[in-house]
file upload34.txt (compact mmCIF, C-alpha atoms and all ligand atoms)
# COMPACT_ATOMS: atom_id res chain seq x y z
CA MET A 1 9.94 1.97 26.99
CA SER A 2 10.02 -1.00 29.32
CA HIS A 3 6.37 -0.69 30.39
CA THR A 4 3.60 -1.84 28.07
CA THR A 5 0.37 -0.10 27.12
CA GLN A 6 -2.98 -1.75 27.75
CA ILE A 7 -5.52 -1.52 24.96
CA ASN A 8 -9.24 -2.34 24.94
CA ALA A 9 -9.26 -5.45 22.73
CA LYS A 10 -13.04 -5.84 22.87
CA ARG A 11 -13.63 -2.27 21.69
CA LEU A 12 -11.08 -2.70 18.89
CA LEU A 13 -12.66 -5.89 17.54
CA GLU A 14 -16.22 -4.59 17.88
CA ARG A 15 -15.36 -1.41 16.00
CA LEU A 16 -13.64 -3.35 13.22
CA GLU A 17 -16.75 -5.49 12.87
CA THR A 18 -19.08 -2.48 12.89
CA LEU A 19 -16.96 -0.68 10.29
CA ALA A 20 -16.96 -3.79 8.06
CA GLY A 21 -20.76 -3.41 8.00
CA ARG A 22 -20.38 -0.10 6.14
CA GLY A 23 -20.24 -1.18 2.50
CA ALA A 24 -20.65 -4.84 3.42
CA LEU A 25 -21.09 -7.15 0.43
CA PRO A 26 -23.68 -9.91 0.53
CA GLY A 27 -21.83 -13.13 1.32
CA GLY A 28 -18.81 -11.39 2.89
CA GLY A 29 -16.26 -8.73 2.06
CA VAL A 30 -16.45 -4.96 1.87
CA SER A 31 -16.88 -2.45 -0.94
CA ARG A 32 -16.03 1.09 0.17
CA MET A 33 -14.64 2.68 -2.99
CA THR A 34 -13.28 6.12 -2.25
CA LEU A 35 -15.77 9.03 -1.92
CA THR A 36 -18.82 6.84 -2.55
CA PRO A 37 -21.83 6.80 -0.18
CA GLU A 38 -20.27 3.68 1.43
CA ASP A 39 -17.00 5.56 2.04
CA LYS A 40 -18.98 8.47 3.51
CA SER A 41 -20.75 6.04 5.82
CA GLY A 42 -17.42 4.61 7.02
CA ARG A 43 -15.94 8.08 7.47
CA ASP A 44 -19.02 9.30 9.38
CA LEU A 45 -18.72 6.34 11.75
CA MET A 46 -15.04 7.03 12.28
CA ARG A 47 -15.79 10.68 12.96
CA THR A 48 -18.23 9.74 15.75
CA TRP A 49 -15.60 7.45 17.29
CA PHE A 50 -12.98 10.23 17.10
CA GLU A 51 -15.43 12.50 18.94
CA GLU A 52 -16.28 9.78 21.48
CA ALA A 53 -12.54 9.50 22.20
CA GLY A 54 -12.42 13.25 22.86
CA LEU A 55 -10.38 14.03 19.76
CA THR A 56 -10.77 17.17 17.65
CA VAL A 57 -11.86 16.27 14.11
CA GLN A 58 -10.40 18.20 11.18
CA VAL A 59 -10.79 17.58 7.45
CA ASP A 60 -8.50 19.07 4.82
CA ALA A 61 -9.29 20.13 1.27
CA ALA A 62 -8.19 16.74 -0.08
CA GLY A 63 -10.66 14.99 2.23
CA ASN A 64 -7.98 13.68 4.60
CA MET A 65 -9.58 13.44 8.05
CA PHE A 66 -7.75 13.73 11.37
CA GLY A 67 -8.64 13.04 14.99
CA LEU A 68 -6.24 15.13 17.09
CA THR A 69 -5.44 15.70 20.77
CA PRO A 70 -7.60 18.75 21.56
CA GLY A 71 -6.03 22.13 22.21
CA ARG A 72 -2.59 21.16 20.90
CA GLU A 73 -3.25 21.31 17.16
CA SER A 74 -0.22 23.49 16.39
CA GLU A 75 2.34 21.20 18.11
CA PRO A 76 4.21 18.42 16.26
CA HIS A 77 2.08 15.27 16.46
CA VAL A 78 2.92 11.64 16.72
CA LEU A 79 0.50 10.64 13.98
CA THR A 80 -0.78 7.20 13.05
CA GLY A 81 -3.38 6.10 10.54
CA SER A 82 -4.13 4.56 7.17
CA HIS A 83 -7.12 4.59 4.80
CA LEU A 84 -10.80 3.59 4.84
CA ASP A 85 -11.28 3.14 1.09
CA THR A 86 -11.20 -0.38 -0.35
CA VAL A 87 -11.04 -2.00 -3.78
CA ALA A 88 -14.44 -2.95 -5.29
CA THR A 89 -14.38 -6.37 -3.63
CA GLY A 90 -12.17 -5.86 -0.60
CA GLY A 91 -11.92 -7.15 2.92
CA PRO A 92 -12.49 -5.78 6.42
CA TYR A 93 -8.90 -4.96 7.46
CA ASP A 94 -6.87 -3.48 4.57
CA GLY A 95 -6.61 0.15 5.68
CA ALA A 96 -9.37 -0.16 8.28
CA LEU A 97 -7.02 -1.80 10.80
CA GLY A 98 -4.58 1.11 10.62
CA VAL A 99 -7.37 3.62 11.30
CA VAL A 100 -9.40 1.71 13.91
CA GLY A 101 -6.26 0.24 15.53
CA GLY A 102 -4.68 3.68 15.42
CA LEU A 103 -7.67 5.17 17.22
CA GLU A 104 -7.64 2.34 19.77
CA ALA A 105 -3.96 2.92 20.52
CA VAL A 106 -4.42 6.69 20.83
CA GLN A 107 -7.62 6.40 22.88
CA SER A 108 -6.05 3.84 25.23
CA LEU A 109 -3.02 6.06 25.77
CA ARG A 110 -5.30 9.00 26.58
CA GLU A 111 -7.37 6.87 28.98
CA SER A 112 -4.21 5.60 30.69
CA GLY A 113 -3.68 9.16 31.92
CA ARG A 114 -0.02 9.01 30.97
CA ASP A 115 1.51 12.42 30.52
CA LEU A 116 3.03 12.42 27.04
CA PRO A 117 5.06 15.44 25.88
CA SER A 118 3.79 15.20 22.28
CA PRO A 119 0.16 15.27 21.13
CA LEU A 120 -1.20 12.22 19.29
CA GLY A 121 -3.35 12.03 16.17
CA VAL A 122 -5.08 9.57 13.85
CA ALA A 123 -5.18 10.15 10.08
CA VAL A 124 -7.61 8.84 7.45
CA PHE A 125 -6.10 9.37 4.01
CA THR A 126 -8.23 9.78 0.86
CA ASN A 127 -8.02 7.45 -2.17
CA GLU A 128 -5.19 5.17 -1.05
CA GLU A 129 -6.24 2.31 -3.31
CA GLY A 130 -6.21 4.31 -6.53
CA VAL A 131 -9.08 2.30 -7.97
CA ARG A 132 -11.48 5.17 -8.57
CA PHE A 133 -8.99 8.03 -8.99
CA PHE A 134 -5.36 7.92 -10.14
CA PRO A 135 -2.82 8.12 -8.51
CA ASP A 136 -3.06 5.77 -5.56
CA MET A 137 -2.01 7.17 -2.17
CA LEU A 138 -3.42 10.48 -3.42
CA GLY A 139 -4.40 11.85 0.00
CA SER A 140 -0.99 11.32 1.56
CA LEU A 141 0.73 12.68 -1.57
CA VAL A 142 -1.27 15.92 -1.23
CA PHE A 143 -0.62 16.02 2.54
CA THR A 144 3.17 15.85 2.02
CA GLY A 145 3.07 18.33 -0.87
CA ASP A 146 4.25 15.74 -3.40
CA LEU A 147 1.02 16.28 -5.38
CA ALA A 148 -0.49 19.75 -5.77
CA LEU A 149 -4.02 20.10 -4.40
CA ASP A 150 -5.38 21.76 -7.55
CA LYS A 151 -4.03 18.87 -9.64
CA ALA A 152 -5.58 16.32 -7.27
CA LEU A 153 -8.99 17.98 -7.31
CA ILE A 154 -9.30 17.67 -11.11
CA CYS A 155 -8.44 13.95 -11.25
CA LEU A 156 -11.35 12.24 -13.02
CA ASP A 157 -12.97 8.90 -12.29
CA ALA A 158 -14.19 6.57 -15.06
CA ASP A 159 -17.48 8.52 -15.26
CA GLY A 160 -15.68 11.85 -15.68
CA ILE A 161 -16.44 13.06 -12.14
CA PRO A 162 -13.61 15.19 -10.74
CA LEU A 163 -12.27 14.31 -7.28
CA GLY A 164 -13.19 17.80 -6.04
CA ARG A 165 -16.86 17.25 -6.85
CA ALA A 166 -16.85 13.74 -5.38
CA LEU A 167 -15.46 15.20 -2.13
CA ALA A 168 -18.19 17.87 -2.04
CA ASP A 169 -20.88 15.29 -2.86
CA ILE A 170 -20.16 13.41 0.38
CA GLY A 171 -19.39 16.53 2.42
CA TYR A 172 -15.68 15.83 2.91
CA ASP A 173 -14.29 18.86 1.05
CA GLY A 174 -12.69 20.18 4.22
CA SER A 175 -11.52 23.70 4.96
CA HIS A 176 -7.98 22.96 6.20
CA THR A 177 -4.99 23.37 3.90
CA PRO A 178 -3.43 19.93 3.27
CA GLY A 179 -0.30 19.44 5.36
CA HIS A 180 -1.65 21.67 8.14
CA VAL A 181 -1.06 19.07 10.89
CA PRO A 182 2.55 19.33 12.13
CA VAL A 183 4.04 15.82 12.23
CA LYS A 184 6.82 14.64 14.53
CA ALA A 185 6.60 11.00 13.40
CA PHE A 186 4.19 8.74 11.52
CA MET A 187 3.27 5.08 12.14
CA GLU A 188 1.01 2.80 10.08
CA LEU A 189 -0.36 -0.55 11.23
CA HIS A 190 -1.44 -2.72 8.28
CA ILE A 191 -2.12 -6.30 7.27
CA GLU A 192 0.80 -7.85 5.41
CA GLN A 193 -1.15 -8.57 2.19
CA GLY A 194 1.34 -11.35 1.55
CA PRO A 195 1.83 -14.92 2.81
CA ILE A 196 5.08 -14.73 4.80
CA LEU A 197 3.93 -14.11 8.41
CA ASP A 198 1.03 -16.56 8.07
CA ALA A 199 3.25 -19.28 6.58
CA LYS A 200 5.81 -18.85 9.37
CA GLY A 201 3.16 -18.59 12.10
CA LEU A 202 4.45 -15.21 13.32
CA SER A 203 2.39 -12.34 14.77
CA ILE A 204 4.32 -9.19 13.94
CA GLY A 205 6.18 -7.98 10.85
CA VAL A 206 8.81 -5.38 11.71
CA VAL A 207 8.70 -3.46 8.44
CA LYS A 208 12.08 -2.05 7.42
CA GLY A 209 11.03 -0.53 4.12
CA VAL A 210 9.07 -0.75 0.90
CA GLN A 211 10.35 -2.25 -2.34
CA GLY A 212 11.25 -0.16 -5.35
CA ILE A 213 9.24 -0.96 -8.50
CA HIS A 214 10.29 -0.81 -12.14
CA TRP A 215 7.79 -1.56 -14.94
CA THR A 216 8.85 -1.58 -18.57
CA GLU A 217 6.75 -2.35 -21.62
CA TYR A 218 8.58 -4.13 -24.47
CA THR A 219 7.06 -4.56 -27.91
CA LEU A 220 8.73 -7.41 -29.81
CA SER A 221 8.12 -7.43 -33.57
CA GLY A 222 8.81 -10.28 -35.97
CA ALA A 223 6.97 -11.53 -39.04
CA THR A 224 3.53 -13.09 -39.22
CA ASN A 225 3.21 -16.14 -41.42
CA HIS A 226 1.40 -19.42 -42.06
CA ALA A 227 1.95 -22.08 -39.38
CA GLY A 228 1.94 -24.87 -41.95
CA THR A 229 3.99 -23.47 -44.80
CA THR A 230 6.72 -21.52 -42.99
CA PRO A 231 9.71 -23.75 -42.16
CA MET A 232 10.83 -23.55 -38.53
CA ASP A 233 14.23 -22.11 -39.41
CA MET A 234 12.70 -19.32 -41.50
CA ARG A 235 10.49 -17.81 -38.81
CA ARG A 236 10.74 -14.54 -36.88
CA ASP A 237 8.37 -15.60 -34.09
CA ALA A 238 7.67 -12.76 -31.63
CA LEU A 239 5.86 -15.06 -29.18
CA LEU A 240 8.86 -17.41 -29.00
CA GLY A 241 10.96 -14.41 -28.00
CA ALA A 242 8.42 -13.35 -25.37
CA ALA A 243 8.28 -16.89 -23.98
CA GLU A 244 12.05 -16.89 -23.52
CA ALA A 245 11.78 -13.53 -21.73
CA VAL A 246 9.20 -15.00 -19.31
CA VAL A 247 11.50 -17.92 -18.51
CA PHE A 248 14.47 -15.58 -18.12
CA ALA A 249 12.56 -13.40 -15.61
CA ARG A 250 12.33 -16.37 -13.24
CA ARG A 251 16.03 -17.15 -13.65
CA LEU A 252 16.96 -13.49 -13.16
CA ALA A 253 15.17 -13.34 -9.79
CA GLY A 254 17.07 -16.44 -8.67
CA GLU A 255 20.43 -15.08 -9.82
CA ILE A 256 20.04 -11.71 -8.09
CA GLY A 257 18.42 -13.15 -4.96
CA ASN A 258 18.09 -10.73 -2.01
CA GLY A 259 14.30 -10.59 -2.28
CA GLN A 260 14.36 -9.77 -6.00
CA ARG A 261 10.98 -10.22 -7.68
CA ALA A 262 10.65 -10.51 -11.46
CA THR A 263 7.32 -11.02 -13.19
CA ILE A 264 5.91 -10.90 -16.69
CA GLY A 265 2.18 -11.15 -16.10
CA SER A 266 0.91 -9.46 -19.23
CA LEU A 267 1.36 -10.54 -22.85
CA LYS A 268 -0.56 -9.11 -25.79
CA VAL A 269 -0.17 -11.28 -28.85
CA ALA A 270 -0.96 -10.21 -32.42
CA PRO A 271 -2.55 -11.56 -34.43
CA CYS A 272 -3.15 -14.23 -31.71
CA LEU A 273 -4.39 -17.00 -33.99
CA SER A 274 -3.69 -20.69 -33.50
CA ASN A 275 -2.42 -21.31 -37.04
CA VAL A 276 -0.36 -18.14 -37.47
CA VAL A 277 3.19 -17.30 -36.34
CA ALA A 278 2.84 -14.27 -34.04
CA GLU A 279 4.04 -11.01 -35.52
CA LYS A 280 3.99 -8.83 -32.44
CA VAL A 281 3.97 -9.31 -28.67
CA THR A 282 3.72 -6.57 -26.08
CA LEU A 283 4.88 -7.64 -22.64
CA ILE A 284 5.39 -5.81 -19.36
CA THR A 285 8.25 -6.62 -16.98
CA ASP A 286 7.56 -5.96 -13.28
CA LEU A 287 10.81 -5.90 -11.29
CA ARG A 288 10.95 -5.18 -7.54
CA ASN A 289 13.67 -4.94 -4.92
CA ALA A 290 14.22 -2.99 -1.72
CA ASP A 291 17.78 -2.32 -2.87
CA MET A 292 17.73 0.20 -5.72
CA GLY A 293 21.22 -0.86 -6.88
CA LEU A 294 20.07 -4.46 -7.28
CA LEU A 295 16.84 -3.29 -8.92
CA GLN A 296 18.88 -1.36 -11.49
CA GLN A 297 21.07 -4.44 -12.03
CA ALA A 298 17.95 -6.55 -12.63
CA GLN A 299 16.63 -3.98 -15.11
CA THR A 300 19.93 -3.97 -17.04
CA MET A 301 20.05 -7.77 -17.13
CA MET A 302 16.47 -7.92 -18.41
CA GLU A 303 17.18 -5.31 -21.11
CA ASP A 304 20.35 -7.14 -22.21
CA GLU A 305 18.57 -10.49 -22.34
CA ILE A 306 15.69 -9.13 -24.41
CA ALA A 307 18.22 -7.62 -26.83
CA ALA A 308 19.96 -11.02 -27.08
CA ILE A 309 16.65 -12.85 -27.59
CA CYS A 310 15.69 -10.45 -30.38
CA LYS A 311 19.04 -10.95 -32.10
CA ARG A 312 18.62 -14.74 -31.91
CA HIS A 313 15.16 -14.74 -33.43
CA GLY A 314 15.40 -11.82 -35.87
CA LEU A 315 13.04 -9.60 -33.86
CA GLU A 316 12.95 -5.90 -33.21
CA SER A 317 12.28 -4.50 -29.77
CA LEU A 318 10.87 -1.19 -28.56
CA ALA A 319 11.06 -0.41 -24.83
CA LYS A 320 8.96 2.10 -22.90
CA GLU A 321 9.35 2.80 -19.17
CA LEU A 322 5.95 2.74 -17.45
CA VAL A 323 6.67 3.02 -13.73
CA LEU A 324 9.77 3.66 -11.62
CA VAL A 325 9.13 4.05 -7.88
CA ASP A 326 12.08 4.35 -5.51
CA ALA A 327 12.43 1.97 -2.58
CA VAL A 328 11.77 3.46 0.87
CA ASP A 329 13.75 2.81 4.04
CA PHE A 330 11.80 3.44 7.24
CA ASP A 331 13.45 5.31 10.12
CA PRO A 332 15.92 2.82 11.67
CA ARG A 333 15.20 4.14 15.17
CA ILE A 334 11.46 3.50 14.72
CA VAL A 335 12.11 0.08 13.18
CA GLY A 336 14.10 -0.69 16.35
CA MET A 337 11.23 0.52 18.54
CA VAL A 338 8.76 -1.80 16.74
CA GLN A 339 11.11 -4.74 17.27
CA GLU A 340 11.59 -3.81 20.93
CA GLN A 341 7.83 -3.56 21.55
CA ALA A 342 7.20 -6.94 19.93
CA ASP A 343 9.92 -8.43 22.16
CA VAL A 344 8.67 -6.72 25.34
CA LEU A 345 5.16 -8.07 24.65
CA GLY A 346 6.52 -11.56 24.01
CA LEU A 347 5.21 -11.61 20.43
CA SER A 348 6.85 -13.60 17.66
CA SER A 349 8.17 -11.38 14.87
CA MET A 350 10.50 -10.99 11.93
CA PRO A 351 11.96 -8.08 10.00
CA MET A 352 10.45 -7.70 6.54
CA ILE A 353 10.06 -5.52 3.46
CA SER A 354 6.64 -4.43 2.24
CA GLY A 355 5.73 -5.79 -1.17
CA ALA A 356 2.79 -3.40 -1.56
CA GLY A 357 2.49 0.39 -1.52
CA HIS A 358 1.20 2.28 1.54
CA ASP A 359 0.57 5.84 2.73
CA ALA A 360 3.51 5.33 5.11
CA GLN A 361 5.96 5.23 2.20
CA ILE A 362 4.75 8.67 1.10
CA MET A 363 4.94 10.04 4.66
CA ALA A 364 8.47 8.57 4.99
CA GLY A 365 9.71 11.08 2.42
CA LYS A 366 8.98 13.92 4.86
CA PHE A 367 8.77 12.53 8.40
CA PRO A 368 10.40 9.81 10.56
CA THR A 369 8.11 6.88 9.72
CA GLY A 370 7.57 3.22 10.50
CA MET A 371 5.14 0.37 9.81
CA ILE A 372 3.87 -2.71 11.62
CA PHE A 373 2.46 -5.73 9.78
CA VAL A 374 0.15 -8.45 11.06
CA PRO A 375 -0.53 -11.70 9.15
CA SER A 376 -2.95 -12.09 6.26
CA LYS A 377 -4.47 -15.58 6.23
CA ASP A 378 -3.02 -17.40 3.20
CA GLY A 379 -1.60 -14.06 2.09
CA VAL A 380 -4.95 -13.05 0.61
CA SER A 381 -5.92 -9.36 0.28
CA HIS A 382 -7.85 -7.11 -2.09
CA ASN A 383 -10.33 -9.94 -1.88
CA VAL A 384 -13.49 -10.75 0.10
CA ARG A 385 -11.62 -13.72 1.66
CA GLU A 386 -9.12 -11.39 3.36
CA HIS A 387 -8.78 -12.45 7.01
CA THR A 388 -6.60 -11.80 10.05
CA GLU A 389 -7.05 -13.62 13.36
CA PRO A 390 -8.40 -11.44 16.23
CA ASP A 391 -5.30 -12.22 18.35
CA ASP A 392 -3.10 -10.76 15.63
CA LEU A 393 -5.29 -7.66 15.24
CA VAL A 394 -4.93 -7.07 18.97
CA ALA A 395 -1.18 -7.85 18.97
CA GLY A 396 -0.48 -5.34 16.20
CA THR A 397 -2.48 -2.66 17.99
CA ARG A 398 -0.62 -3.28 21.25
CA VAL A 399 2.73 -2.89 19.49
CA LEU A 400 1.45 0.29 17.84
CA ALA A 401 0.34 1.74 21.20
CA GLY A 402 3.76 1.02 22.68
CA VAL A 403 5.62 2.63 19.80
CA LEU A 404 3.35 5.71 19.84
CA ALA A 405 3.94 6.09 23.57
CA GLY A 406 7.68 5.81 23.01
CA LEU A 407 7.68 8.38 20.22
CA ALA A 408 5.42 10.80 22.11
CA GLY A 409 7.45 10.37 25.27
CA GLN A 410 10.67 11.64 23.76
ZN ZN B 1 -4.02 -0.64 2.45
call {"tool": "encode", "arguments": {"input": "upload34.txt", "output": "structure tokens", "more": "lines below"}}
Ligand SMILES: [Zn+2]
result
Amino acid sequence: MSHTTQINAKRLLERLETLAGRGALPGGGVSRMTLTPEDKSGRDLMRTWFEEAGLTVQVDAAGNMFGLTPGRESEPHVLTGSHLDTVATGGPYDGALGVVGGLEAVQSLRESGRDLPSPLGVAVFTNEEGVRFFPDMLGSLVFTGDLALDKALICLDADGIPLGRALADIGYDGSHTPGHVPVKAFMELHIEQGPILDAKGLSIGVVKGVQGIHWTEYTLSGATNHAGTTPMDMRRDALLGAAEAVVFARRLAGEIGNGQRATIGSLKVAPCLSNVVAEKVTLITDLRNADMGLLQQAQTMMEDEIAAICKRHGLESLAKELVLVDAVDFDPRIVGMVQEQADVLGLSSMPMISGAGHDAQIMAGKFPTGMIFVPSKDGVSHNVREHTEPDDLVAGTRVLAGVLAGLAGQ
């Protein structure tokens, strides 16, 4: 792995720009919601580029599209890829970089004439964002068998259209059985979607894993009463309890440290009137950590504190678990290869944990998997202002090409 792989930077940047024109919003940004005419347009473009690169195009019944080394479809692939769908007001690189950069890496390796023992492939997964259909990362979940195809096909969008019909409407209801591509390893190149690399002025994030997530909804109930006539020491103020929980969340993250995140970003207050003591508040705690033991510790501390707050203020509390997603560790050998490639190419880098969800975390449950991050300007994503410098787009793709060559060469 001492030699580096050349990529065609001009082709990469031109394709990214062309793709950003599919679903372009006036004034900047991209809207390619999954399985819309804009998504079809992006997919069609990608398909022509796969064919131009000499890859065999296959689409499965969940709409996942693959560009594969021809004639070797039954062998275990070193697969890379991401998604082409965006949120309603998205940017040009979230997902798109992993697909276009993935193709550039694979195409460059093929053009280099290097003899690689394993075939290469590029994947485009359906409905990663989860904006139109729930769950997010649906395509990769069906590919790995973690979500049954028949269940996926009947997922409804807000207009009651099932995913199966939306696939047929744009002609991406493919004939292959999901999971049909044998996978030796999977790599995803993605923008960071957070501020760390940009703030530190680094090019490459060596992604070690994805945080676990725990969401719990607490309903705190007290007594509603007149703001003027109820003495302060005779109140059971649910909003006071919720406010103390918000402050505690910040302290909790500091006490646990180790990348712990703790957020209460949603409060529903009833009756929510300026001259009435609040009777009921529904709040959601969002706790995240890459270490599931610490995440559990944070959850217990939060539960204990809310119980103590309720006791102090005469409130009752009802808890309901909303989301619990396990943390993911990427393959340590692949993480090492990403670091080595960044070093060989003389690129500045740091190890990091992904704060957002990605198809790679689903693939990691079944296959040796890794991820590469490049900076997001000011940490902005899921937004029309999303931006990554061309040098960083190229750097990430070069690292990807090197890692794919290493994986396919073994
Ligand atoms: Zn993404």
call {"tool": "residues_near_point", "arguments": {"input": "upload34.txt", "point": "(-10.3, 15.8, 9.4)", "cutoff": "10 Å", "atoms": "all atoms listed in the file", "output": "short mmCIF file (atom, residue, chain, number, x, y, z; two decimals) with C-alpha atoms, in the coordinates of the input"}}
result
data_model
loop_
_atom_site.label_atom_id
_atom_site.label_comp_id
_atom_site.auth_asym_id
_atom_site.auth_seq_id
_atom_site.Cartn_x
_atom_site.Cartn_y
_atom_site.Cartn_z
CA ARG A 43 -15.94 8.08 7.47
CA ARG A 47 -15.79 10.68 12.96
CA PHE A 50 -12.98 10.23 17.10
CA THR A 56 -10.77 17.17 17.65
CA VAL A 57 -11.86 16.27 14.11
CA GLN A 58 -10.40 18.20 11.18
CA VAL A 59 -10.79 17.58 7.45
CA ASP A 60 -8.50 19.07 4.82
CA ALA A 61 -9.29 20.13 1.27
CA ALA A 62 -8.19 16.74 -0.08
CA GLY A 63 -10.66 14.99 2.23
CA ASN A 64 -7.98 13.68 4.60
CA MET A 65 -9.58 13.44 8.05
CA PHE A 66 -7.75 13.73 11.37
CA GLY A 67 -8.64 13.04 14.99
CA LEU A 68 -6.24 15.13 17.09
CA VAL A 122 -5.08 9.57 13.85
CA ALA A 123 -5.18 10.15 10.08
CA VAL A 124 -7.61 8.84 7.45
CA PHE A 125 -6.10 9.37 4.01
CA TYR A 172 -15.68 15.83 2.91
CA ASP A 173 -14.29 18.86 1.05
CA GLY A 174 -12.69 20.18 4.22
CA SER A 175 -11.52 23.70 4.96
CA HIS A 176 -7.98 22.96 6.20
CA VAL A 181 -1.06 19.07 10.89
#
call {"tool": "atom_distance", "arguments": {"input": "upload34.txt", "atom1": "CA of Gln339 (chain A)", "atom2": "CA of Glu129 (chain A)"}}
result
27.8 Å
call {"tool": "closest_residue", "arguments": {"input": "upload34.txt", "among": "A:Gly54, A:Gly396, A:Gly201, A:Gly409", "to": "Gly98 (chain A)", "atoms": "only C-alpha atoms"}}
result
A:Gly396
call {"tool": "closest_residue", "arguments": {"input": "upload34.txt", "among": "A:Val131, A:Lys320, A:His214, A:Asn383", "to": "Val30 (chain A)", "atoms": "only C-alpha atoms"}}
result
A:Asn383
call {"tool": "residues_near_ligand", "arguments": {"input": "upload34.txt", "ligand": "ligand ZN 1 (chain B)", "cutoff": "7 Å", "atoms": "all atoms listed in the file", "output": "MDAnalysis selection string"}}
result
chainID A and resid 83 94:95 128:129 190 358
call {"tool": "atom_distance", "arguments": {"input": "upload34.txt", "atom1": "CA of Leu197 (chain A)", "atom2": "CA of Met352 (chain A)"}}
result
9.3 Å
call {"tool": "atom_distance", "arguments": {"input": "upload34.txt", "atom1": "CA of Pro195 (chain A)", "atom2": "CA of Asp359 (chain A)"}}
result
20.8 Å
call {"tool": "residues_around", "arguments": {"input": "upload34.txt", "residues": "Gln211 (chain A)", "least_positions_apart": "4", "cutoff": "12 Å", "atoms": "only C-alpha atoms", "output": "PyMOL selection string"}}
result
chain A and resi 207+258-261+286-295+324-330+352-358+361
call {"tool": "residues_around", "arguments": {"input": "upload34.txt", "residues": "Leu97 (chain A)", "least_positions_apart": "3", "cutoff": "9 Å", "atoms": "only C-alpha atoms", "output": "list in words"}}
result
Leu16, Gly81, Ser82, His83, Leu84, Pro92, Tyr93, Asp94, Val100, Gly101, Gly102, Leu189, His190, Ile191, Leu393 and Thr397 of chain A
call {"tool": "residues_around", "arguments": {"input": "upload34.txt", "residues": "region 308-317 of chain A", "least_positions_apart": "6", "cutoff": "7 Å", "atoms": "all atoms listed in the file", "output": "PDB file with C-alpha atoms, in the coordinates of the input"}}
result
ATOM      1  CA  TYR A 218       8.580  -4.130 -24.470  1.00  0.00           C
ATOM      2  CA  THR A 219       7.060  -4.560 -27.910  1.00  0.00           C
ATOM      3  CA  LEU A 220       8.730  -7.410 -29.810  1.00  0.00           C
ATOM      4  CA  SER A 221       8.120  -7.430 -33.570  1.00  0.00           C
ATOM      5  CA  GLY A 222       8.810 -10.280 -35.970  1.00  0.00           C
ATOM      6  CA  ARG A 236      10.740 -14.540 -36.880  1.00  0.00           C
ATOM      7  CA  ASP A 237       8.370 -15.600 -34.090  1.00  0.00           C
ATOM      8  CA  ALA A 238       7.670 -12.760 -31.630  1.00  0.00           C
ATOM      9  CA  GLY A 241      10.960 -14.410 -28.000  1.00  0.00           C
TER      10      GLY A 241
END
call {"tool": "closest_residue", "arguments": {"input": "upload34.txt", "among": "A:Leu55, A:Leu347, A:Thr34, A:Gln297", "to": "Phe133 (chain A)", "atoms": "only C-alpha atoms"}}
result
A:Thr34
call {"tool": "residues_around", "arguments": {"input": "upload34.txt", "residues": "Arg165 (chain A)", "least_positions_apart": "4", "cutoff": "9 Å", "atoms": "all atoms listed in the file", "output": "VMD selection string"}}
result
chain A and resid 153 to 154 161 169 to 170 173
call {"tool": "write_last_selection", "arguments": {"input": "upload34.txt", "atoms": "C-alpha atoms", "output": "short mmCIF file (atom, residue, chain, number, x, y, z; two decimals), in the coordinates of the input"}}
result
data_model
loop_
_atom_site.label_atom_id
_atom_site.label_comp_id
_atom_site.auth_asym_id
_atom_site.auth_seq_id
_atom_site.Cartn_x
_atom_site.Cartn_y
_atom_site.Cartn_z
CA LEU A 153 -8.99 17.98 -7.31
CA ILE A 154 -9.30 17.67 -11.11
CA ILE A 161 -16.44 13.06 -12.14
CA ASP A 169 -20.88 15.29 -2.86
CA ILE A 170 -20.16 13.41 0.38
CA ASP A 173 -14.29 18.86 1.05
#
call {"tool": "residues_near_point", "arguments": {"input": "upload34.txt", "point": "(4.9, 10.7, 4.1)", "cutoff": "10 Å", "atoms": "all atoms listed in the file", "output": "ChimeraX atom specification"}}
result
/A:137,140-146,183,185-187,358-369
call {"tool": "closest_residue", "arguments": {"input": "upload34.txt", "among": "A:Lys40, A:His180, A:Lys151, A:Lys10", "to": "Leu167 (chain A)", "atoms": "all atoms listed in the file"}}
result
A:Lys40
call {"tool": "closest_residue", "arguments": {"input": "upload34.txt", "among": "A:Ala24, A:His226, A:Pro231, A:Ala243", "to": "Ser274 (chain A)", "atoms": "only C-alpha atoms"}}
result
A:His226
call {"tool": "residues_around", "arguments": {"input": "upload34.txt", "residues": "region 398-400 of chain A", "least_positions_apart": "4", "cutoff": "7 Å", "atoms": "only C-alpha atoms", "output": "PyMOL selection string"}}
result
chain A and resi 5+7+105+189+338+341-342+394+404
call {"tool": "closest_residue", "arguments": {"input": "upload34.txt", "among": "A:Thr300, A:Thr224, A:Thr230, A:Ser108", "to": "Ala270 (chain A)", "atoms": "only C-alpha atoms"}}
result
A:Thr224
